[in-house]
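Trainee: My file is my_file.txt. It has compact mmCIF, C-alpha atoms:
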```
# COMPACT_ATOMS: atom_id res chain seq x y z
CA MET A 1 -37.77 -81.14 -52.82
CA LYS A 2 -34.60 -79.36 -53.93
CA LYS A 3 -36.56 -76.16 -54.48
CA LEU A 4 -38.01 -76.38 -50.96
CA ILE A 5 -34.56 -76.82 -49.38
CA ALA A 6 -33.18 -73.84 -51.36
CA LEU A 7 -36.07 -71.66 -50.22
CA LEU A 8 -35.49 -72.58 -46.58
CA LEU A 9 -31.77 -71.69 -46.87
CA VAL A 10 -32.59 -68.30 -48.37
CA LEU A 11 -35.05 -67.54 -45.54
CA ALA A 12 -32.49 -68.60 -42.89
CA MET A 13 -29.83 -66.28 -44.34
CA ALA A 14 -32.31 -63.39 -44.47
CA PHE A 15 -33.13 -63.77 -40.74
CA ALA A 16 -29.43 -63.95 -39.87
CA LEU A 17 -28.64 -60.74 -41.72
CA ALA A 18 -31.55 -58.95 -40.02
CA ALA A 19 -30.33 -60.01 -36.59
CA CYS A 20 -26.77 -58.81 -37.30
CA GLY A 21 -27.97 -55.37 -38.44
CA LYS A 22 -30.15 -54.68 -35.38
CA LYS A 23 -28.66 -52.20 -32.80
CA PRO A 24 -28.77 -53.15 -29.13
CA GLU A 25 -31.11 -50.78 -27.23
CA PRO A 26 -29.62 -50.69 -23.69
CA THR A 27 -26.25 -49.15 -24.65
CA PRO A 28 -26.40 -45.44 -25.72
CA ALA A 29 -23.89 -43.92 -28.13
CA PRO A 30 -20.71 -42.47 -26.50
CA ALA A 31 -21.61 -38.96 -27.61
CA GLU A 32 -24.86 -39.15 -25.70
CA THR A 33 -23.17 -40.17 -22.43
CA ALA A 34 -20.47 -37.42 -22.67
CA ALA A 35 -22.85 -34.50 -22.11
CA PRO A 36 -26.26 -35.62 -20.84
CA ALA A 37 -28.83 -32.84 -20.67
CA GLU A 38 -29.50 -33.51 -16.98
CA THR A 39 -25.90 -32.57 -15.89
CA ALA A 40 -25.43 -29.52 -18.13
CA ALA A 41 -27.89 -27.29 -16.26
CA PRO A 42 -26.36 -27.61 -12.75
CA ALA A 43 -22.87 -26.81 -14.14
CA GLU A 44 -24.18 -23.54 -15.58
CA THR A 45 -25.94 -22.45 -12.37
CA ALA A 46 -22.75 -23.05 -10.32
CA ALA A 47 -20.59 -20.84 -12.54
CA PRO A 48 -17.97 -18.98 -10.44
CA ALA A 49 -18.70 -15.71 -12.25
CA GLU A 50 -21.76 -15.27 -10.03
CA SER A 51 -19.67 -14.95 -6.83
CA LYS A 52 -17.77 -11.70 -6.26
CA PRO A 53 -14.02 -11.95 -5.63
CA HIS A 54 -13.15 -11.11 -2.05
CA ILE A 55 -10.35 -8.66 -1.25
CA GLY A 56 -8.72 -8.48 2.18
CA ILE A 57 -6.97 -5.42 3.64
CA ILE A 58 -4.88 -5.58 6.81
CA THR A 59 -3.72 -2.32 8.44
CA GLY A 60 -2.59 -0.98 11.79
CA SER A 61 -5.08 0.40 14.28
CA VAL A 62 -6.51 3.92 14.24
CA SER A 63 -4.23 4.86 17.15
CA GLN A 64 -1.07 3.83 15.27
CA SER A 65 -1.91 4.64 11.64
CA GLU A 66 -5.35 6.17 11.26
CA ASP A 67 -5.04 7.10 7.57
CA ASP A 68 -4.16 3.53 6.60
CA ARG A 69 -7.27 2.26 8.34
CA ARG A 70 -9.53 4.99 6.93
CA GLY A 71 -8.38 4.15 3.40
CA ALA A 72 -9.30 0.50 3.93
CA GLU A 73 -12.70 1.56 5.25
CA ALA A 74 -13.24 3.84 2.24
CA PHE A 75 -12.61 0.96 -0.15
CA GLN A 76 -14.96 -1.26 1.85
CA ALA A 77 -17.63 1.46 1.78
CA LYS A 78 -17.27 1.66 -2.01
CA TYR A 79 -17.63 -2.07 -2.69
CA GLY A 80 -19.40 -3.46 0.37
CA GLU A 81 -18.60 -5.56 3.42
CA ASP A 82 -19.55 -8.79 1.63
CA MET A 83 -16.71 -8.29 -0.82
CA VAL A 84 -14.08 -6.39 1.19
CA LYS A 85 -12.75 -7.95 4.41
CA LEU A 86 -10.73 -5.88 6.93
CA ALA A 87 -8.37 -6.86 9.75
CA ILE A 88 -5.95 -5.10 12.11
CA TYR A 89 -2.52 -6.33 13.16
CA PRO A 90 -1.38 -5.72 16.78
CA ASP A 91 -0.12 -2.27 17.81
CA ASN A 92 2.91 -3.93 19.37
CA PHE A 93 3.64 -5.94 16.26
CA THR A 94 7.34 -6.31 17.04
CA GLU A 95 6.52 -8.26 20.22
CA GLU A 96 3.50 -10.08 18.80
CA LEU A 97 5.06 -11.41 15.60
CA GLU A 98 3.12 -14.69 15.55
CA THR A 99 -0.18 -12.90 16.03
CA THR A 100 0.68 -10.53 13.20
CA ILE A 101 1.52 -13.42 10.87
CA GLN A 102 -1.62 -15.34 11.79
CA THR A 103 -3.84 -12.27 11.31
CA ILE A 104 -2.62 -11.98 7.72
CA VAL A 105 -2.69 -15.72 6.97
CA ASN A 106 -6.24 -16.08 8.32
CA MET A 107 -7.49 -14.00 5.41
CA SER A 108 -6.62 -16.85 3.05
CA ASP A 109 -9.08 -19.21 4.78
CA ASP A 110 -11.86 -17.50 2.83
CA PRO A 111 -12.35 -19.64 -0.33
CA ASP A 112 -13.43 -16.56 -2.30
CA MET A 113 -10.39 -14.50 -1.30
CA LYS A 114 -8.50 -13.37 -4.42
CA ALA A 115 -6.19 -10.61 -3.13
CA ILE A 116 -4.67 -9.63 0.22
CA ILE A 117 -3.16 -6.17 0.83
CA VAL A 118 -1.10 -5.33 3.93
CA ASN A 119 -0.50 -1.63 4.66
CA GLN A 120 1.86 -1.02 6.34
CA ALA A 121 3.65 -4.31 5.69
CA VAL A 122 5.21 -4.66 9.15
CA PRO A 123 7.70 -7.41 10.12
CA GLY A 124 6.07 -10.81 9.65
CA THR A 125 4.37 -9.94 6.36
CA THR A 126 6.97 -11.80 4.28
CA GLU A 127 6.48 -15.00 6.29
CA ALA A 128 2.70 -14.61 6.16
CA PHE A 129 2.76 -14.24 2.37
CA ARG A 130 4.94 -17.34 2.05
CA GLN A 131 2.49 -19.37 4.08
CA ILE A 132 -0.43 -18.06 2.03
CA LYS A 133 1.30 -18.93 -1.25
CA GLU A 134 1.94 -22.50 -0.04
CA LYS A 135 -1.76 -23.23 0.32
CA ARG A 136 -3.36 -20.60 -1.93
CA PRO A 137 -1.01 -19.64 -4.80
CA ASP A 138 -4.00 -18.10 -6.60
CA ILE A 139 -4.23 -15.21 -4.10
CA ILE A 140 -2.52 -11.96 -5.14
CA CYS A 141 -0.33 -10.79 -2.24
CA ILE A 142 0.42 -7.06 -2.15
CA ALA A 143 2.61 -5.18 0.34
CA GLY A 144 2.16 -1.45 0.87
CA GLU A 145 4.89 0.51 2.66
CA SER A 146 6.99 -2.45 3.73
CA HIS A 147 8.99 -2.31 6.97
CA GLU A 148 11.01 -5.31 5.82
CA ASP A 149 13.87 -5.06 3.33
CA LEU A 150 12.43 -4.69 -0.16
CA PRO A 151 14.35 -7.61 -1.72
CA GLU A 152 13.07 -9.84 1.09
CA ILE A 153 9.40 -8.85 0.89
CA GLY A 154 9.67 -8.84 -2.90
CA SER A 155 10.62 -12.53 -2.82
CA ALA A 156 7.24 -13.44 -1.30
CA ALA A 157 4.85 -10.72 -2.49
CA ASP A 158 3.44 -10.40 -5.99
CA LEU A 159 3.66 -6.61 -5.76
CA VAL A 160 5.38 -4.19 -3.36
CA VAL A 161 4.72 -0.42 -3.39
CA ASN A 162 6.59 1.92 -1.01
CA ASN A 163 6.91 5.66 -0.78
CA ASP A 164 9.85 6.75 -2.90
CA PHE A 165 12.45 7.06 -0.16
CA VAL A 166 15.14 7.60 -2.80
CA ALA A 167 13.56 10.50 -4.69
CA ARG A 168 11.99 11.97 -1.55
CA GLY A 169 15.29 11.78 0.35
CA TYR A 170 16.66 14.20 -2.22
CA LEU A 171 13.49 16.23 -2.83
CA MET A 172 12.74 16.97 0.85
CA ILE A 173 16.22 18.46 1.28
CA ARG A 174 15.85 20.41 -1.96
CA THR A 175 12.47 21.75 -0.78
CA ALA A 176 13.85 22.70 2.65
CA HIS A 177 16.65 24.58 0.91
CA GLU A 178 14.13 26.44 -1.27
CA LEU A 179 12.20 27.40 1.87
CA GLY A 180 15.35 29.04 3.25
CA CYS A 181 16.42 26.32 5.71
CA ASP A 182 20.08 25.84 6.58
CA THR A 183 19.73 22.71 8.78
CA PHE A 184 17.79 19.45 8.46
CA VAL A 185 16.99 17.53 11.68
CA HIS A 186 16.12 13.83 11.27
CA ILE A 187 14.35 12.19 14.27
CA SER A 188 14.13 8.40 14.57
CA PHE A 189 15.17 5.34 16.64
CA PRO A 190 17.26 2.17 16.11
CA ARG A 191 14.43 -0.12 14.93
CA HIS A 192 13.55 2.19 12.06
CA MET A 193 17.18 2.81 11.24
CA SER A 194 17.66 -0.94 10.79
CA TYR A 195 15.26 -0.83 7.81
CA GLU A 196 17.03 -0.58 4.48
CA THR A 197 14.57 2.00 3.16
CA MET A 198 15.11 4.38 6.07
CA SER A 199 18.85 3.93 6.43
CA ARG A 200 19.31 4.52 2.68
CA ARG A 201 17.11 7.61 2.87
CA VAL A 202 19.31 9.01 5.66
CA ALA A 203 22.38 8.49 3.46
CA ILE A 204 20.63 10.24 0.57
CA MET A 205 19.57 13.13 2.82
CA LYS A 206 23.12 13.56 4.07
CA ALA A 207 24.46 13.62 0.51
CA ALA A 208 21.76 16.10 -0.57
CA CYS A 209 22.54 18.38 2.38
CA GLU A 210 26.17 18.46 1.27
CA GLU A 211 25.05 19.37 -2.25
CA PHE A 212 22.87 22.26 -1.00
CA GLY A 213 25.30 23.44 1.69
CA MET A 214 23.07 22.47 4.62
CA LYS A 215 23.84 20.87 7.98
CA PHE A 216 22.37 17.40 8.62
CA VAL A 217 21.57 16.32 12.21
CA LEU A 218 20.44 12.94 13.60
CA GLU A 219 18.33 12.99 16.76
CA THR A 220 17.02 9.89 18.57
CA ALA A 221 13.58 9.59 20.20
CA PRO A 222 11.86 6.66 21.97
CA ASP A 223 10.24 3.90 19.90
CA PRO A 224 6.44 3.96 20.60
CA THR A 225 6.27 0.15 20.29
CA THR A 226 8.54 -0.30 23.33
CA ASP A 227 7.59 -0.11 27.00
CA VAL A 228 7.36 3.70 26.94
CA GLY A 229 4.38 3.41 24.60
CA VAL A 230 2.90 6.14 22.42
CA ALA A 231 2.35 8.51 25.35
CA GLY A 232 5.95 8.30 26.52
CA ALA A 233 7.34 8.78 23.03
CA GLN A 234 5.15 11.82 22.43
CA ALA A 235 6.07 13.35 25.79
CA TYR A 236 9.75 13.10 24.82
CA ILE A 237 9.14 15.05 21.60
CA LEU A 238 7.13 17.73 23.42
CA GLU A 239 9.94 18.19 25.89
CA HIS A 240 12.86 18.23 23.45
CA VAL A 241 11.61 20.33 20.52
CA PRO A 242 12.10 23.65 22.38
CA GLN A 243 15.67 22.59 23.14
CA TRP A 244 16.29 21.60 19.51
CA VAL A 245 14.90 24.88 18.18
CA GLU A 246 17.16 26.80 20.54
CA GLN A 247 20.13 24.67 19.44
CA TYR A 248 19.56 24.56 15.67
CA GLY A 249 17.72 27.84 15.12
CA GLU A 250 14.41 28.75 13.51
CA HIS A 251 15.73 28.06 10.01
CA ALA A 252 15.95 24.31 10.59
CA ALA A 253 13.58 21.81 8.98
CA TYR A 254 12.45 18.77 10.99
CA PHE A 255 11.47 15.28 9.94
CA CYS A 256 10.47 12.18 11.96
CA THR A 257 10.10 8.59 10.79
CA ASN A 258 7.23 7.62 13.12
CA ASP A 259 3.55 8.60 12.88
CA ALA A 260 3.11 8.94 16.65
CA HIS A 261 5.95 11.50 16.83
CA THR A 262 4.41 13.72 14.17
CA GLU A 263 1.65 15.44 16.15
CA PRO A 264 3.79 16.64 19.08
CA LEU A 265 6.54 17.69 16.66
CA LEU A 266 4.14 19.85 14.65
CA LYS A 267 2.59 21.33 17.78
CA GLN A 268 5.93 22.47 19.15
CA LEU A 269 7.30 23.73 15.84
CA LEU A 270 4.22 25.94 15.47
CA ALA A 271 4.89 27.31 18.94
CA TYR A 272 8.69 27.66 18.88
CA GLY A 273 9.65 27.98 15.20
CA GLY A 274 11.16 25.77 12.52
CA CYS A 275 9.97 24.18 9.29
CA PHE A 276 8.28 20.89 8.42
CA VAL A 277 8.41 19.87 4.74
CA GLU A 278 6.20 16.78 5.00
CA ALA A 279 5.60 13.71 7.16
CA ASP A 280 7.18 10.33 6.62
CA LEU A 281 3.79 9.19 5.27
CA PRO A 282 2.37 12.58 4.26
CA SER A 283 -1.23 13.67 4.76
CA PRO A 284 -3.09 16.79 5.91
CA THR A 285 -4.56 14.53 8.60
CA MET A 286 -1.15 13.21 9.74
CA GLY A 287 -0.54 15.02 13.02
CA TYR A 288 -2.06 18.33 11.95
CA PRO A 289 -5.58 18.04 13.45
CA GLY A 290 -4.25 17.26 16.94
CA ALA A 291 -1.43 19.79 16.73
CA LEU A 292 -3.82 22.52 15.57
CA GLY A 293 -6.73 21.52 17.81
CA ILE A 294 -9.20 21.28 14.93
CA ASP A 295 -12.06 18.82 14.35
CA LEU A 296 -12.27 17.32 10.85
CA THR A 297 -15.32 15.12 11.45
CA ALA A 298 -17.52 17.13 9.10
CA GLU A 299 -14.85 17.03 6.37
CA ALA A 300 -14.02 13.31 6.74
CA GLY A 301 -13.08 11.76 3.40
CA ASP A 302 -13.11 15.08 1.51
CA TYR A 303 -9.42 15.94 1.24
CA ALA A 304 -9.97 19.23 -0.58
CA LYS A 305 -11.97 20.50 2.41
CA ILE A 306 -9.58 18.88 4.89
CA LEU A 307 -6.56 20.60 3.33
CA ALA A 308 -8.35 23.97 3.23
CA LYS A 309 -9.27 23.77 6.92
CA VAL A 310 -5.78 22.67 7.99
CA GLU A 311 -4.16 25.38 5.86
CA LYS A 312 -6.41 28.09 7.33
CA ALA A 313 -5.44 27.02 10.86
CA ILE A 314 -1.72 26.95 9.95
CA VAL A 315 -1.87 30.51 8.66
CA GLU A 316 -3.77 31.71 11.74
CA LYS A 317 -1.03 30.26 13.96
CA GLY A 318 1.74 31.97 12.01
CA GLY A 319 2.99 28.91 10.15
CA GLU A 320 2.51 30.27 6.63
CA GLY A 321 5.17 29.03 4.21
CA ARG A 322 6.79 26.75 6.82
CA PHE A 323 4.60 23.63 6.82
CA GLY A 324 3.97 21.15 4.03
CA THR A 325 2.10 17.95 3.23
CA TRP A 326 0.65 15.93 0.38
CA ALA A 327 -2.82 17.08 -0.62
CA TYR A 328 -4.08 13.52 -0.24
CA SER A 329 -3.09 11.17 2.53
CA TYR A 330 -0.43 8.68 1.50
CA GLY A 331 -1.59 5.97 3.93
CA TYR A 332 -5.23 6.43 2.90
CA THR A 333 -4.40 6.26 -0.80
CA VAL A 334 -2.15 3.21 -0.44
CA SER A 335 -4.80 1.13 1.36
CA ALA A 336 -7.60 2.06 -1.01
CA GLY A 337 -5.47 2.44 -4.15
CA LEU A 338 -3.72 -0.91 -3.91
CA ALA A 339 -7.04 -2.64 -3.26
CA GLN A 340 -8.49 -0.88 -6.32
CA HIS A 341 -5.48 -1.96 -8.36
CA ALA A 342 -5.94 -5.57 -7.22
CA LEU A 343 -9.60 -5.46 -8.24
CA ASN A 344 -8.71 -3.99 -11.63
CA VAL A 345 -6.20 -6.80 -12.16
CA ILE A 346 -8.71 -9.47 -11.12
CA ASN A 347 -11.24 -7.99 -13.55
CA GLY A 348 -8.68 -8.03 -16.36
CA GLU A 349 -8.62 -4.22 -16.64
CA SER A 350 -5.01 -3.66 -15.51
CA GLU A 351 -1.61 -5.34 -15.41
CA LEU A 352 -0.25 -6.07 -11.94
CA LEU A 353 3.28 -4.77 -12.61
CA ASN A 354 2.48 -1.61 -14.56
CA ILE A 355 3.29 1.71 -12.85
CA ASP A 356 0.73 3.58 -14.97
CA ASP A 357 -2.01 1.16 -13.89
CA ILE A 358 -0.96 1.54 -10.25
CA SER A 359 -1.08 5.34 -10.57
CA LYS A 360 -4.50 5.07 -12.24
CA ALA A 361 -5.83 3.10 -9.25
CA TYR A 362 -4.31 5.59 -6.79
CA GLY A 363 -5.98 8.37 -8.76
CA VAL A 364 -9.43 6.97 -7.97
CA PHE A 365 -8.85 8.05 -4.36
CA SER A 366 -6.70 11.14 -5.03
CA PRO A 367 -8.35 12.95 -7.96
CA GLY A 368 -6.18 15.66 -9.49
CA ALA A 369 -3.02 14.75 -7.58
CA GLU A 370 0.28 14.40 -9.42
CA TRP A 371 2.15 11.14 -8.82
CA ASN A 372 5.57 9.99 -9.95
CA GLY A 373 7.62 6.88 -9.31
CA SER A 374 9.87 4.15 -10.62
CA ASN A 375 11.05 0.60 -10.02
CA TYR A 376 13.12 0.03 -6.90
CA THR A 377 16.85 -0.21 -7.62
CA ASN A 378 18.96 -2.48 -5.42
CA ALA A 379 21.86 -0.33 -4.20
CA GLU A 380 24.13 -3.38 -3.87
CA THR A 381 23.60 -4.79 -7.36
CA GLY A 382 22.23 -1.83 -9.31
CA VAL A 383 19.43 -4.11 -10.58
CA LYS A 384 15.85 -2.85 -10.77
CA ALA A 385 13.17 -5.09 -9.23
CA GLU A 386 10.28 -5.89 -11.56
CA ASN A 387 7.66 -6.28 -8.82
CA THR A 388 8.72 -3.44 -6.50
CA PHE A 389 7.80 0.21 -7.07
CA LEU A 390 8.57 3.49 -5.32
CA ILE A 391 5.99 6.26 -5.67
CA TYR A 392 5.43 9.83 -4.44
CA GLN A 393 3.06 12.79 -4.68
CA ASP A 394 3.87 16.47 -5.17
CA THR A 395 4.61 18.50 -2.02
CA TYR A 396 2.15 21.23 -1.05
CA ILE A 397 3.37 24.11 1.15
CA MET A 398 0.56 25.73 3.11
CA GLY A 399 0.21 29.51 3.05
CA ASN A 400 -1.98 32.33 1.81
CA PRO A 401 -2.13 31.18 -0.88
CA GLY A 402 -0.48 27.78 -0.61
CA HIS A 403 1.45 26.27 -3.49
CA TYR A 404 2.82 23.05 -4.90
CA MET A 405 6.60 22.70 -5.13
CA GLY A 406 6.51 20.88 -8.49
CA SER A 407 8.43 17.96 -6.98
CA THR A 408 7.00 15.35 -9.34
CA SER A 409 8.47 17.15 -12.36
CA ILE A 410 11.99 17.47 -10.93
CA GLU A 411 14.53 14.98 -12.22
CA VAL A 412 16.43 13.43 -9.33
CA PRO A 413 20.16 13.07 -10.16
CA GLU A 414 20.96 9.47 -11.06
CA LYS A 415 23.74 9.19 -8.47
CA TYR A 416 21.21 9.22 -5.61
CA PHE A 417 19.59 5.95 -6.72
CA THR A 418 22.64 3.95 -5.61
CA VAL A 419 23.63 5.96 -2.51
CA LYS A 420 23.75 3.71 0.56
```
Could you express the structure from this file as structure tokens?

Mentor:
Amino acid sequence: MKKLIALLLVLAMAFALAACGKKPEPTPAPAETAAPAETAAPAETAAPAESKPHIGIITGSVSQSEDDRRGAEAFQAKYGEDMVKLAIYPDNFTEELETTIQTIVNMSDDPDMKAIIVNQAVPGTTEAFRQIKEKRPDIICIAGESHEDLPEIGSAADLVVNNDFVARGYLMIRTAHELGCDTFVHISFPRHMSYETMSRRVAIMKAACEEFGMKFVLETAPDPTTDVGVAGAQAYILEHVPQWVEQYGEHAAYFCTNDAHTEPLLKQLLAYGGCFVEADLPSPTMGYPGALGIDLTAEAGDYAKILAKVEKAIVEKGGEGRFGTWAYSYGYTVSAGLAQHALNVINGESELLNIDDISKAYGVFSPGAEWNGSNYTNAETGVKAENTFLIYQDTYIMGNPGHYMGSTSIEVPEKYFTVK
């Protein structure tokens, strides 16, 4: 009897141990629930690498700034309409500020948008960039040729690139002097003169004229964005250039700050005399085709052929050695070059705030051109801005043969960087 009871106890303990060691089937191990095979596959197929980053470019219209628009179109043609989105701000942007801001901000509604470039960065761009950054801080905001004060636009943009108004303010006067000019006539209007970049450039030009023993003259012309419009502003230039040439002589060089003024100015200087070093935003297509009456449709996009055709017409009209430009359009290169730079940064091939990388991107759309530049220096504080750059291309004087002035290799005296 005792043996039977002992055996039963042993069997009972054995069953109890077996029950304790058995794993419950319904509950899987934690490791198995963390990465189930069924959810891994969809995550891989939805990888963001498969969607191309979108880049937006906003420019003025063809009537206001054709080269800017053509550069944007060239970049779009290179990478496709699916990837590159274009928009145009109003011609009368000073009166349609809200529309300008909204046009820029609307670009950020695209969930795939990764960079937005505005060229020229007219008033309203700073506010637009601030609004974009509030809702989409991931978007790279780039301003080309800002009309707003550089410290202001620099506070909202990730990168600002303007023409080097400091170096060029000195170099244009130096070039005019080398061409035998004794007077420099600057044509503008109050709105432009309220911009820090343009008012500082005037001060630099005045100082450079004193250094080279030249006379500096300020002339005022109508603002094309006012009620007179482009036609009225151009008519004023056509009417007054003969008077100016008579007053200042044939050895005067002329410069205007507005694109719309350029064509009539060139046309009359060819007819009445005078020199033209380069446009505010230089290009062989800036004013020259209309002033010369030539069609560049067949040469569109090929700046070597464009320059050759413009130069030939200049020589035929007796302008040899008196008219200059940049071999590649500034506005065209800025639109396309800054977009290329943004793409290079997005792809991890360039650093956003590296002047050599910016020049490399510009070079894609201006092969063989010499560029130079530096960080913008605040004239009030003497401090250089890390995200704001000033850049310029060598000046080409048209003739038979034409020649570069070597401007990019000339060291601008340090004192001009703080003239105001």

Trainee: Per residue of stretch 64-145 of chain A within 10 Å of stretch 227-243 of chain A, note the shortest atom pair and the distance in Å to one decimal, counting only C-alpha atoms, and order the rows by chain and increasing residue number, as a Markdown table.

Mentor:
```
| residue | atom | partner | partner_atom | distance |
| --- | --- | --- | --- | --- |
| A:Gln64 | CA | A:Val230 | CA | 8.5 |
| A:Asp91 | CA | A:Gly229 | CA | 9.9 |
| A:Asn92 | CA | A:Gly229 | CA | 9.1 |
```

Trainee: Return the single residue from A:Val345, A:Ala336, A:Val277, A:Leu270 that is closest to A:Lys317, with distances computed using only C-alpha atoms.

Mentor: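 So, comparing all the options, the nearest one is A:Leu270.
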
Trainee: Measuring atom to atom with all atoms listed in the file, identify which of A:Asp182, A:Glu66, A:Glu411, A:Glu211 is nearest to A:Ala252.

Mentor: A:Asp182

Trainee: In Å to one decimal, how far is atom CA of A:Glu380 from atom CA of A:Tyr195?

Mentor: 14.9 Å

Trainee: Pick from A:Ile346, A:Gly331, A:Ile57, A:Val412: nearest to A:Tyr362, with all atoms listed in the file counted?

Mentor: A:Gly331

Trainee: Give me the residues within 9 Å of A:Gly382 as a list in words, counting all atoms listed in the file and dropping any in the same chain fewer than 5 places off.

Mentor: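 My reading of the contact set: Thr377, Phe417 and Thr418 of chain A.
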
Trainee: Report the distance between atom CA of A:Gly406 and atom CA of A:Ala143 in Å, rounded to one decimal place.

Mentor: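 We find that atom CA of A:Gly406 and atom CA of A:Ala143 lie 27.8 Å from each other.
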
Trainee: What is the distance, in Å and to one decimal place, between atom CA of A:Asn163 and atom CA of A:Ser374?

Mentor: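 Computing it gives 10.4 Å between the two atoms.
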
Trainee: Just checking: using all atoms listed in the file, which residue out of A:Phe365, A:Gln268, A:Ala167, A:Glu250 ends up closest to A:Glu414?

Mentor: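 Using all atoms listed in the file, the shortest distance to A:Glu414 belongs to A:Ala167.
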
Trainee: Please determine, counting all atoms listed in the file, which residue among A:Gly337, A:Gly274, A:Gly287, A:Gly60 has the shortest atom-to-atom distance to A:Gly363.

Mentor: A:Gly337

Trainee: Would you list the contacts of A:Met398 as number ranges by chain, taking every protein, DNA or RNA residue within 12 Å and counting all atoms listed in the file, but skipping same-chain residues closer than 4 positions in sequence?

Mentor: A: 179, 275-278, 284, 288, 307-327, 402-405

Trainee: Would you list the residues near (-3.2, -14.6, -7.2) (no more than 12 Å away, in the coordinates of the file, using only C-alpha atoms) as a PyMOL selection string?

Mentor: chain A and resi 53-55+108+112-117+129+132-142+157-159+342-343+345-346+352

Trainee: Compile the contact shell of A:Cys209 as an mmCIF file with C-alpha atoms, keeping the file's coordinate frame: residues with an atom at most 12 Å away, counting all atoms listed in the file, same-chain residues fewer than 3 positions apart removed.

Mentor:
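Okay, this is what ended up in result_5.cif:
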```
data_model
loop_
_atom_site.group_PDB
_atom_site.id
_atom_site.type_symbol
_atom_site.label_atom_id
_atom_site.label_comp_id
_atom_site.auth_asym_id
_atom_site.auth_seq_id
_atom_site.Cartn_x
_atom_site.Cartn_y
_atom_site.Cartn_z
ATOM 1 C CA GLY A 169 15.290 11.780 0.350
ATOM 2 C CA TYR A 170 16.660 14.200 -2.220
ATOM 3 C CA LEU A 171 13.490 16.230 -2.830
ATOM 4 C CA MET A 172 12.740 16.970 0.850
ATOM 5 C CA ILE A 173 16.220 18.460 1.280
ATOM 6 C CA ARG A 174 15.850 20.410 -1.960
ATOM 7 C CA THR A 175 12.470 21.750 -0.780
ATOM 8 C CA ALA A 176 13.850 22.700 2.650
ATOM 9 C CA HIS A 177 16.650 24.580 0.910
ATOM 10 C CA CYS A 181 16.420 26.320 5.710
ATOM 11 C CA ASP A 182 20.080 25.840 6.580
ATOM 12 C CA THR A 183 19.730 22.710 8.780
ATOM 13 C CA PHE A 184 17.790 19.450 8.460
ATOM 14 C CA VAL A 185 16.990 17.530 11.680
ATOM 15 C CA HIS A 186 16.120 13.830 11.270
ATOM 16 C CA VAL A 202 19.310 9.010 5.660
ATOM 17 C CA ALA A 203 22.380 8.490 3.460
ATOM 18 C CA ILE A 204 20.630 10.240 0.570
ATOM 19 C CA MET A 205 19.570 13.130 2.820
ATOM 20 C CA LYS A 206 23.120 13.560 4.070
ATOM 21 C CA PHE A 212 22.870 22.260 -1.000
ATOM 22 C CA GLY A 213 25.300 23.440 1.690
ATOM 23 C CA MET A 214 23.070 22.470 4.620
ATOM 24 C CA LYS A 215 23.840 20.870 7.980
ATOM 25 C CA PHE A 216 22.370 17.400 8.620
ATOM 26 C CA VAL A 217 21.570 16.320 12.210
ATOM 27 C CA ALA A 253 13.580 21.810 8.980
#
```

Trainee: Between A:Ala208, A:Ala260, A:Val161, A:Ile58, which has the minimum distance to A:Pro224 (counting only C-alpha atoms)?

Mentor: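 For A:Pro224, the nearest of the candidates is A:Ala260.
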